[in-house]
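S.K.: Dropping in my_file.cif, with mmCIF, C-alpha atoms.
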```cif
data_entry
#
loop_
_atom_site.label_atom_id
_atom_site.label_comp_id
_atom_site.auth_asym_id
_atom_site.auth_seq_id
_atom_site.Cartn_x
_atom_site.Cartn_y
_atom_site.Cartn_z
CA MET A 1127 -20.86 -44.30 195.38
CA ASN A 1128 -20.19 -42.87 191.96
CA ILE A 1129 -16.94 -44.60 191.13
CA VAL A 1130 -16.73 -42.85 187.77
CA GLN A 1131 -15.75 -39.67 189.61
CA LYS A 1132 -12.76 -41.27 191.28
CA SER A 1133 -9.38 -40.16 190.01
CA GLU A 1134 -6.72 -42.72 189.11
CA PRO A 1135 -3.03 -42.40 190.04
CA ASN A 1136 -1.16 -40.43 187.41
CA PHE A 1137 1.54 -42.98 186.56
CA TYR A 1138 3.04 -41.65 183.36
CA GLU A 1139 4.21 -38.12 182.80
CA GLY A 1140 5.80 -38.33 179.36
CA HIS A 1141 9.44 -38.24 180.52
CA ASP A 1142 12.32 -40.45 179.40
CA ASN A 1143 11.57 -43.95 180.66
CA GLY A 1144 15.23 -44.95 180.99
CA ILE A 1145 15.02 -48.03 178.77
CA SER A 1146 18.23 -47.08 176.95
CA THR A 1147 20.14 -47.57 180.22
CA VAL A 1148 18.91 -51.16 180.43
CA ILE A 1149 18.99 -52.54 176.87
CA ASP A 1150 20.27 -51.68 173.42
CA VAL A 1151 17.02 -50.77 171.73
CA ASN A 1152 18.57 -51.51 168.32
CA SER A 1153 19.47 -55.10 169.23
CA PRO A 1154 17.13 -58.11 168.98
CA ARG A 1155 14.46 -58.22 171.67
CA GLU A 1156 15.61 -59.74 174.93
CA LYS A 1157 13.73 -62.63 176.52
CA VAL A 1158 13.18 -62.07 180.21
CA VAL A 1159 11.70 -63.62 183.34
CA VAL A 1160 9.51 -61.09 185.17
CA LEU A 1161 9.47 -61.03 188.98
CA TRP A 1162 6.73 -58.88 190.43
CA ASP A 1163 6.24 -57.50 193.94
CA PHE A 1164 2.46 -57.20 193.58
CA ASP A 1165 1.60 -55.77 197.01
CA SER A 1166 1.96 -52.16 195.90
CA ILE A 1167 -0.36 -52.49 192.92
CA ILE A 1168 -3.08 -53.91 195.15
CA HIS A 1169 -2.82 -50.88 197.42
CA LEU A 1170 -2.71 -48.58 194.39
CA THR A 1171 -5.90 -50.22 193.17
CA LEU A 1172 -7.56 -49.36 196.48
CA TYR A 1173 -6.48 -45.72 196.28
CA ALA A 1174 -9.73 -43.79 195.87
CA GLY A 1175 -8.15 -40.58 194.62
CA LYS A 1176 -9.06 -36.97 195.37
CA ASP A 1177 -11.80 -34.63 194.26
CA ASN A 1178 -11.28 -31.38 192.36
CA PHE A 1179 -10.55 -29.57 195.63
CA GLY A 1180 -7.80 -31.94 196.73
CA ASN A 1181 -9.88 -33.77 199.32
CA ARG A 1182 -9.66 -37.56 199.63
CA ASN A 1183 -12.62 -39.36 198.14
CA LEU A 1184 -14.58 -41.79 200.24
CA GLU A 1185 -12.98 -45.20 200.61
CA TYR A 1186 -14.16 -48.00 198.38
CA THR A 1187 -16.75 -50.34 199.88
CA GLN A 1188 -17.92 -53.88 199.25
CA HIS A 1189 -20.24 -52.51 196.56
CA ASP A 1190 -17.14 -51.53 194.54
CA LEU A 1191 -15.43 -54.93 194.70
CA GLU A 1192 -16.20 -56.03 191.15
CA TYR A 1193 -15.04 -52.66 189.84
CA LEU A 1194 -11.82 -52.99 191.84
CA LYS A 1195 -11.16 -56.47 190.46
CA GLY A 1196 -11.54 -55.10 186.96
CA LYS A 1197 -9.33 -52.13 187.81
CA LEU A 1198 -6.61 -54.43 189.18
CA THR A 1199 -6.65 -56.62 186.08
CA GLU A 1200 -6.63 -53.61 183.76
CA MET A 1201 -3.64 -52.10 185.56
CA THR A 1202 -1.85 -55.47 185.55
CA LEU A 1203 -2.28 -55.92 181.80
CA LYS A 1204 -1.27 -52.32 181.10
CA ILE A 1205 1.98 -52.75 183.04
CA LEU A 1206 2.78 -56.03 181.29
CA ASN A 1207 2.08 -54.37 177.94
CA ASN A 1208 4.59 -51.65 178.84
CA VAL A 1209 7.19 -54.34 179.52
CA GLU A 1210 6.35 -56.20 176.31
CA GLU A 1211 7.09 -53.07 174.31
CA TYR A 1212 10.78 -53.89 174.90
CA PHE A 1213 10.99 -57.51 176.13
CA ASP A 1214 9.61 -60.93 175.31
CA ILE A 1215 8.28 -62.27 178.61
CA LEU A 1216 9.27 -65.91 179.12
CA SER A 1217 7.37 -66.20 182.39
CA CYS A 1218 5.96 -63.93 185.08
CA TYR A 1219 6.02 -64.71 188.79
CA ILE A 1220 3.76 -62.58 190.97
CA PHE A 1221 4.35 -62.45 194.72
CA ILE A 1222 2.01 -61.08 197.37
CA LYS A 1223 1.74 -60.79 201.15
CA GLY A 1224 1.34 -64.08 202.99
CA ASN A 1225 -0.12 -65.16 206.32
CA SER A 1226 2.72 -64.13 208.62
CA ASN A 1227 5.97 -62.20 208.76
CA PHE A 1228 9.03 -63.31 210.71
CA ARG A 1229 10.12 -59.68 211.08
CA LYS A 1230 7.20 -58.89 213.37
CA GLU A 1231 8.22 -61.77 215.62
CA LEU A 1232 11.77 -60.43 215.85
CA TYR A 1233 10.71 -56.80 216.17
CA PRO A 1234 7.07 -56.31 217.32
CA ASP A 1235 7.11 -52.61 216.35
CA TYR A 1236 7.78 -53.48 212.70
CA LYS A 1237 5.29 -51.57 210.51
CA LYS A 1238 3.20 -50.59 213.54
CA ASN A 1239 3.10 -47.08 212.12
CA ARG A 1240 1.05 -48.24 209.14
CA PRO A 1241 -2.66 -47.32 209.09
CA GLU A 1242 -5.17 -50.13 208.84
CA PRO A 1243 -5.71 -50.93 205.16
CA ASN A 1244 -9.10 -50.94 203.48
CA SER A 1245 -10.87 -54.16 204.47
CA LEU A 1246 -11.21 -55.03 200.78
CA VAL A 1247 -7.46 -55.67 200.57
CA ASN A 1248 -7.95 -59.32 201.52
CA ASP A 1249 -10.54 -59.76 198.77
CA LEU A 1250 -8.06 -58.39 196.23
CA TYR A 1251 -5.30 -60.65 197.52
CA LYS A 1252 -7.63 -63.62 197.07
CA TYR A 1253 -8.54 -62.41 193.59
CA ALA A 1254 -4.85 -62.00 192.69
CA ILE A 1255 -4.27 -65.64 193.62
CA GLU A 1256 -7.27 -66.88 191.66
CA MET A 1257 -6.98 -64.65 188.59
CA HIS A 1258 -3.25 -63.91 188.32
CA GLN A 1259 -1.73 -66.98 190.02
CA ALA A 1260 -0.10 -64.81 192.66
CA ILE A 1261 2.13 -66.64 195.14
CA PRO A 1262 1.68 -65.74 198.85
CA ALA A 1263 4.87 -65.03 200.79
CA ASP A 1264 4.14 -66.94 203.99
CA ASN A 1265 6.32 -66.04 207.00
CA CYS A 1266 8.17 -63.38 205.00
CA GLU A 1267 7.33 -60.60 202.53
CA ALA A 1268 6.76 -60.41 198.81
CA GLU A 1269 10.13 -58.67 198.42
CA ASP A 1270 11.87 -61.65 200.01
CA MET A 1271 10.26 -63.98 197.48
CA VAL A 1272 11.36 -61.71 194.64
CA TYR A 1273 14.89 -61.73 196.06
CA GLN A 1274 14.96 -65.50 196.34
CA ALA A 1275 13.63 -65.99 192.80
CA SER A 1276 16.10 -63.45 191.46
CA LYS A 1277 19.00 -65.32 193.05
CA GLN A 1278 17.83 -68.55 191.42
CA ILE A 1279 18.19 -66.99 187.97
CA ASN A 1280 21.46 -65.20 188.80
CA HIS A 1281 19.68 -61.85 188.99
CA GLY A 1282 19.00 -62.02 185.26
CA GLY A 1283 15.31 -61.15 185.38
CA LEU A 1284 13.28 -57.95 185.28
CA ILE A 1285 11.84 -56.87 188.63
CA LEU A 1286 8.56 -54.94 188.62
CA TYR A 1287 8.37 -52.81 191.72
CA VAL A 1288 7.48 -49.62 193.55
CA ASP A 1289 9.00 -50.40 196.96
CA HIS A 1290 12.67 -49.35 197.04
CA ASP A 1291 13.51 -52.24 199.40
CA LEU A 1292 14.18 -54.32 196.29
CA LEU A 1293 17.00 -52.05 195.16
CA GLU A 1294 19.54 -54.12 197.10
CA ILE A 1295 19.25 -56.65 194.23
CA PRO A 1296 21.67 -56.24 191.27
CA SER A 1297 19.09 -56.56 188.53
CA LYS A 1298 17.04 -54.84 185.86
CA PHE A 1299 13.99 -52.97 187.18
CA TYR A 1300 10.76 -51.44 186.00
CA ASN A 1301 9.04 -49.02 188.36
CA TYR A 1302 5.46 -49.22 187.15
CA LYS A 1303 4.34 -46.17 189.12
CA THR A 1304 6.85 -43.81 187.49
CA ASN A 1305 7.20 -45.76 184.19
CA ILE A 1306 10.98 -45.88 184.62
CA PHE A 1307 13.32 -48.73 183.62
CA SER A 1308 16.67 -48.96 185.39
CA LYS A 1309 19.54 -51.31 186.09
CA LEU A 1310 21.64 -51.69 189.22
CA SER A 1311 25.17 -53.08 189.25
CA GLU A 1312 26.43 -55.18 192.16
CA LYS A 1313 28.30 -52.14 193.46
CA GLU A 1314 25.18 -49.95 193.32
CA ALA A 1315 23.01 -52.64 194.92
CA LEU A 1316 25.52 -53.06 197.74
CA TRP A 1317 25.42 -49.31 198.35
CA GLU A 1318 21.61 -49.47 198.59
CA LYS A 1319 21.78 -52.46 200.92
CA TYR A 1320 24.10 -50.78 203.41
CA LYS A 1321 22.28 -47.49 203.11
CA LYS A 1322 19.15 -49.27 204.30
CA LEU A 1323 21.07 -50.89 207.16
CA ASN A 1324 22.59 -47.63 208.39
CA VAL A 1325 19.74 -45.19 207.78
CA GLY A 1326 16.85 -47.53 208.55
CA GLU A 1327 13.34 -47.63 207.11
CA LYS A 1328 11.09 -44.91 208.50
CA GLY A 1329 8.14 -46.24 206.49
CA ASP A 1330 8.49 -49.62 208.21
CA ASN A 1331 8.98 -48.10 211.67
CA ALA A 1332 12.39 -49.75 211.68
CA ASN A 1333 15.05 -47.18 212.44
CA LEU A 1334 17.65 -48.84 214.66
CA THR A 1335 20.19 -46.05 214.22
CA PRO A 1336 18.60 -43.02 215.88
CA SER A 1337 20.11 -39.64 214.96
CA TYR A 1338 21.95 -41.08 211.95
CA GLY A 1339 20.59 -39.93 208.61
CA ILE A 1340 21.32 -40.02 204.90
CA LYS A 1341 23.72 -37.07 205.10
CA ASN A 1342 25.83 -38.98 207.62
CA PHE A 1343 25.76 -42.06 205.42
CA LYS A 1344 26.92 -40.20 202.31
CA LYS A 1345 29.75 -38.67 204.33
CA ASP A 1346 30.94 -41.94 205.90
CA PHE A 1347 30.49 -44.34 202.96
CA HIS A 1348 31.38 -44.50 199.27
CA LYS A 1349 30.43 -46.90 196.48
CA ASP A 1350 33.93 -48.32 196.01
CA MET A 1351 34.02 -49.80 199.49
CA SER A 1352 34.50 -53.56 199.92
CA VAL A 1353 32.03 -55.63 201.94
CA GLU A 1354 34.55 -55.72 204.77
CA GLU A 1355 34.82 -51.93 204.73
CA TYR A 1356 31.02 -51.58 204.68
CA GLU A 1357 30.77 -53.93 207.64
CA LYS A 1358 33.40 -52.14 209.68
CA GLN A 1359 32.01 -48.68 209.04
CA SER A 1360 28.44 -49.84 209.63
CA PHE A 1361 29.34 -51.21 213.04
CA GLU A 1362 30.94 -47.86 213.81
CA THR A 1363 27.58 -46.28 212.99
CA PHE A 1364 25.82 -48.52 215.51
CA LEU A 1365 28.49 -47.90 218.14
CA TRP A 1366 27.96 -44.17 217.70
CA CYS A 1367 24.19 -44.45 217.87
CA TRP A 1368 24.14 -46.80 220.85
CA SER A 1369 26.46 -44.95 223.18
CA ASP A 1370 26.03 -43.74 226.73
CA LYS A 1371 26.17 -39.94 226.58
CA ILE A 1372 27.29 -37.58 229.29
CA LYS A 1373 27.79 -33.83 229.20
CA VAL A 1374 31.28 -32.65 230.15
CA LYS A 1375 32.06 -28.94 230.03
CA LYS A 1376 29.14 -28.27 227.67
CA LYS A 1377 30.25 -31.05 225.32
CA ILE A 1378 28.67 -34.44 224.83
CA GLN A 1379 30.99 -37.38 225.37
CA ARG A 1380 30.00 -40.82 224.12
CA THR A 1381 30.96 -44.16 225.62
CA PRO A 1382 30.00 -46.93 223.19
CA ASN A 1383 27.69 -49.62 224.56
CA ILE A 1384 29.27 -52.49 222.64
CA GLU A 1385 26.75 -55.11 223.77
CA LYS A 1386 23.71 -53.01 222.79
CA ALA A 1387 25.29 -51.87 219.52
CA THR A 1388 26.04 -55.48 218.57
CA GLU A 1389 22.48 -56.55 219.40
CA MET A 1390 20.92 -53.78 217.31
CA PHE A 1391 23.40 -54.26 214.46
CA ASN A 1392 22.45 -57.93 214.14
CA LEU A 1393 18.73 -57.19 214.54
CA ALA A 1394 18.88 -54.55 211.81
CA LYS A 1395 20.39 -57.05 209.40
CA GLU A 1396 17.59 -59.50 210.15
CA ILE A 1397 14.67 -57.12 209.66
CA LEU A 1398 15.98 -54.66 207.06
CA TRP A 1399 17.73 -56.90 204.55
CA LEU A 1400 15.95 -59.22 202.15
CA LYS A 1401 16.03 -62.89 203.13
CA ASN A 1402 15.61 -66.29 201.54
CA LYS A 1403 12.24 -67.72 202.54
CA GLU A 1404 13.80 -70.69 204.27
CA ASN A 1405 16.07 -68.48 206.41
#
```
Spit out the file's structure as structure tokens when you get a sec.
M.R.:
Amino acid sequence: MNIVQKSEPNFYEGHDNGISTVIDVNSPREKVVVLWDFDSIIHLTLYAGKDNFGNRNLEYTQHDLEYLKGKLTEMTLKILNNVEEYFDILSCYIFIKGNSNFRKELYPDYKKNRPEPNSLVNDLYKYAIEMHQAIPADNCEAEDMVYQASKQINHGGLILYVDHDLLEIPSKFYNYKTNIFSKLSEKEALWEKYKKLNVGEKGDNANLTPSYGIKNFKKDFHKDMSVEEYEKQSFETFLWCWSDKIKVKKKIQRTPNIEKATEMFNLAKEILWLKNKEN
């Protein structure tokens, strides 16, 4: 395979990187702890790109492993250099997929829609542990480990991410795929958290509120709601979704199935929200 012909992901497009919304660029450099959900960069490393006609290139094989290791390290250092343009990194904690995931035990269909990854993914995970001191997230996910570490430092770190699941954390962020810095307040993070609960995660095959979409959510919720108001309105969502429906005079009437709605409401909280590892 001629790996020189493979195209790399086009991360940076020359737009405003949002750093001015996170720090005062005229103030002394801020020292920061970096928390990194590293799973996405491993899969980005394995992306073989497309040819000049838009067709997917052949997948990488075992013969490309050394190249991929170098590619992963090069991308890692490039991302850290982008961070160091604005911050002094006190420490960097890298989290990766572990051996199991409690969500699949609670909900067997969790992520069943995902295609089988390239078999080299396990080699890159092993390399990330050996070369970059990555920490496996056993019985949970890398995002859960980021969440737990962020809580321990009062959400004062900088989270490196691509997966939007992490946006329920009130923190500073750097999306290394789009080269965008951002910051979420507690109010904004709470909005993201309850949006995930009510709308579900199609990419994880975890939509426990059928027929309820983002338009419904934006109509029923607003960012100034209290936790109690979010909870009450969210349960109303599940009651609406898990109702027995009958047609009466060409109209659909719903009778809420309280037991089923309560079951799915609690399950959604368990599999969609970030958790402490020990929980």
S.K.: Please indicate the distance in Å from atom CA of Leu1398 of chain A to atom CA of Thr1363 of chain A, rounded to one decimal place.
M.R.: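 One can read the atom CA of Leu1398 of chain A to atom CA of Thr1363 of chain A distance as 15.5 Å.
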S.K.: Between A:Leu1203, A:Cys1266, A:Leu1250, A:Val1151, which one has atoms that come closest to Thr1171 of chain A, using only C-alpha atoms?
M.R.: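 With only C-alpha atoms as the atom set, the closest residue is A:Leu1250.
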S.K.: So the first atom is atom CA of Val1160 of chain A and the second is atom CA of Glu1256 of chain A; what is the distance between them in Å, to one decimal place?
M.R.: 18.9 Å
S.K.: Within 9 Å of Ser1217 of chain A, counting all atoms listed in the file, which residues show up once you throw out same-chain ones fewer than 4 positions away? Write them as a list in words, please.
M.R.: Val1158, Val1159, Val1160 and Leu1161 of chain A
S.K.: As a ChimeraX atom specification, please: the residues near Leu1310 of chain A (cut-off 7 Å, only C-alpha atoms, same-chain neighbours under 5 positions excluded).
M.R.: /A:1296-1298,1315
S.K.: Give me, please, the distance in Å between atom CA of Lys1349 of chain A and atom CA of Glu1156 of chain A, quoted to one decimal.
M.R.: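 These two atoms are separated by 29.1 Å.
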S.K.: Which is closer to Lys1345 of chain A than all the others in A:Asp1291, A:Ala1332, A:Leu1191, A:Gln1359, using all atoms listed in the file?
M.R.: A:Gln1359
S.K.: Excluding segment 1219-1227 of chain A and residues on its chain fewer than 3 positions from it, collect all residues at most 8 Å away from it, counting all atoms listed in the file, and give them as a list of chain:residue names.
M.R.: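 Answer for this query is A:Val1159, A:Val1160, A:Leu1161, A:Trp1162, A:Asp1163, A:Phe1164, A:Asp1165, A:Lys1230, A:Glu1231, A:Tyr1251, A:His1258, A:Gln1259, A:Ala1260, A:Ile1261, A:Pro1262, A:Ala1263, A:Asp1264, A:Asn1265, A:Cys1266, A:Glu1267, A:Ala1268, A:Glu1269, A:Met1271, A:Val1272.
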S.K.: Could you write out as a VMD selection string the residues that the PyMOL selection byres ((chain A and resi 1328) around 12) matches in the shown file?
M.R.: chain A and resid 1235 to 1240 1291 1322 to 1327 1329 to 1336 1339 to 1340 1398
S.K.: Looking at A:Leu1365, A:Ile1378, A:Leu1232, A:Val1247, which one is nearest to Lys1395 of chain A, with distances taken over only C-alpha atoms?
M.R.: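 Nearest to Lys1395 of chain A: A:Leu1232.
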S.K.: May I ask which of the residues A:Lys1344, A:Lys1358, A:Lys1204, A:Lys1309 is the closest one to Leu1292 of chain A, counting all atoms listed in the file?
M.R.: A:Lys1309
S.K.: Could you tell me, as a list in words, exactly which residues end up selected when the PyMOL selection byres ((chain A and resi 1382) around 7) is applied to this structure?
M.R.: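 After applying the PyMOL selection byres ((chain A and resi 1382) around 7), what remains is Leu1365, Trp1366, Trp1368, Ser1369, Asp1370, Arg1380, Thr1381, Asn1383 and Ile1384 of chain A.
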S.K.: Where does the PyMOL selection byres ((chain A and resi 1148-1150) around 10) land in this file, that is, which residues does it pick, as JSON, numbers by chain?
M.R.: {"A": [1144, 1145, 1146, 1147, 1151, 1152, 1153, 1154, 1155, 1156, 1212, 1213, 1297, 1298, 1299, 1300, 1307, 1308, 1309, 1310]}
S.K.: Counting only C-alpha atoms, which of A:Tyr1273, A:Tyr1193, A:Phe1361, A:Tyr1287 gets nearest to Ile1306 of chain A?
M.R.: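 The closest residue to Ile1306 of chain A is A:Tyr1287.
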S.K.: Write out as a PyMOL selection string the residues lying within 10 Å of Met1351 of chain A, counting only C-alpha atoms and excluding same-chain residues fewer than 6 positions away.
M.R.: chain A and resi 1313+1316-1317+1357+1359
S.K.: So which residues touch Lys1197 of chain A within 12 Å, counting all atoms listed in the file, skipping near sequence neighbours fewer than 3 positions away, as JSON, numbers by chain?
M.R.: {"A": [1129, 1130, 1132, 1134, 1135, 1167, 1168, 1169, 1170, 1171, 1172, 1173, 1174, 1190, 1191, 1192, 1193, 1194, 1200, 1201, 1202, 1203, 1204, 1250, 1253, 1254]}
S.K.: As AutoDock Vina command-line options, what would the box around segment 1271-1282 of chain A look like: edges along x, y and z, 3 Å added on every side, centre and edge lengths in Å to one decimal?
M.R.:
```
--center_x 15.9 --center_y -65.1 --center_z 191.4 --size_x 17.2 --size_y 12.8 --size_z 18.2
```
S.K.: Just segment 1183-1201 of chain A, please, as a CSV table (one decimal), in the first residue's frame (only N, CA and C atoms).
M.R.:
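Ended up saving to out-v4.csv:
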```csv
chain,number,residue,atom,x,y,z
A,1183,ASN,N,-10.2,5.2,0.4
A,1183,ASN,CA,-9.0,4.4,0.2
A,1183,ASN,C,-9.1,3.1,1.0
A,1184,LEU,N,-8.2,2.2,0.6
A,1184,LEU,CA,-8.2,0.9,1.3
A,1184,LEU,C,-7.8,1.1,2.7
A,1185,GLU,N,-8.4,0.2,3.6
A,1185,GLU,CA,-8.1,0.3,5.0
A,1185,GLU,C,-6.6,0.1,5.3
A,1186,TYR,N,-6.1,0.7,6.3
A,1186,TYR,CA,-4.7,0.3,6.7
A,1186,TYR,C,-4.6,-1.1,7.1
A,1187,THR,N,-3.4,-1.7,7.0
A,1187,THR,CA,-3.2,-3.1,7.4
A,1187,THR,C,-2.0,-3.1,8.3
A,1188,GLN,N,-1.7,-4.3,8.8
A,1188,GLN,CA,-0.6,-4.5,9.7
A,1188,GLN,C,0.7,-3.9,9.2
A,1189,HIS,N,0.9,-3.9,7.9
A,1189,HIS,CA,2.1,-3.4,7.3
A,1189,HIS,C,2.2,-1.9,7.6
A,1190,ASP,N,1.1,-1.2,7.9
A,1190,ASP,CA,1.1,0.2,8.1
A,1190,ASP,C,1.3,0.6,9.6
A,1191,LEU,N,1.4,-0.4,10.5
A,1191,LEU,CA,1.3,-0.1,11.9
A,1191,LEU,C,2.4,0.9,12.3
A,1192,GLU,N,3.6,0.8,11.9
A,1192,GLU,CA,4.6,1.7,12.4
A,1192,GLU,C,4.3,3.1,11.9
A,1193,TYR,N,3.8,3.2,10.6
A,1193,TYR,CA,3.4,4.5,10.1
A,1193,TYR,C,2.3,5.1,11.0
A,1194,LEU,N,1.4,4.3,11.3
A,1194,LEU,CA,0.2,4.8,12.1
A,1194,LEU,C,0.7,5.2,13.5
A,1195,LYS,N,1.6,4.5,14.1
A,1195,LYS,CA,2.1,5.0,15.4
A,1195,LYS,C,2.8,6.3,15.3
A,1196,GLY,N,3.6,6.5,14.2
A,1196,GLY,CA,4.2,7.8,14.0
A,1196,GLY,C,3.1,8.9,13.7
A,1197,LYS,N,2.1,8.5,13.0
A,1197,LYS,CA,1.0,9.5,12.7
A,1197,LYS,C,0.3,9.9,13.9
A,1198,LEU,N,0.0,8.9,14.8
A,1198,LEU,CA,-0.7,9.2,16.1
A,1198,LEU,C,0.2,10.2,16.9
A,1199,THR,N,1.5,9.9,17.1
A,1199,THR,CA,2.3,10.7,17.9
A,1199,THR,C,2.5,12.1,17.3
A,1200,GLU,N,2.6,12.2,16.0
A,1200,GLU,CA,2.7,13.5,15.3
A,1200,GLU,C,1.4,14.4,15.5
A,1201,MET,N,0.3,13.7,15.4
A,1201,MET,CA,-1.0,14.4,15.6
A,1201,MET,C,-1.1,14.9,17.1
```
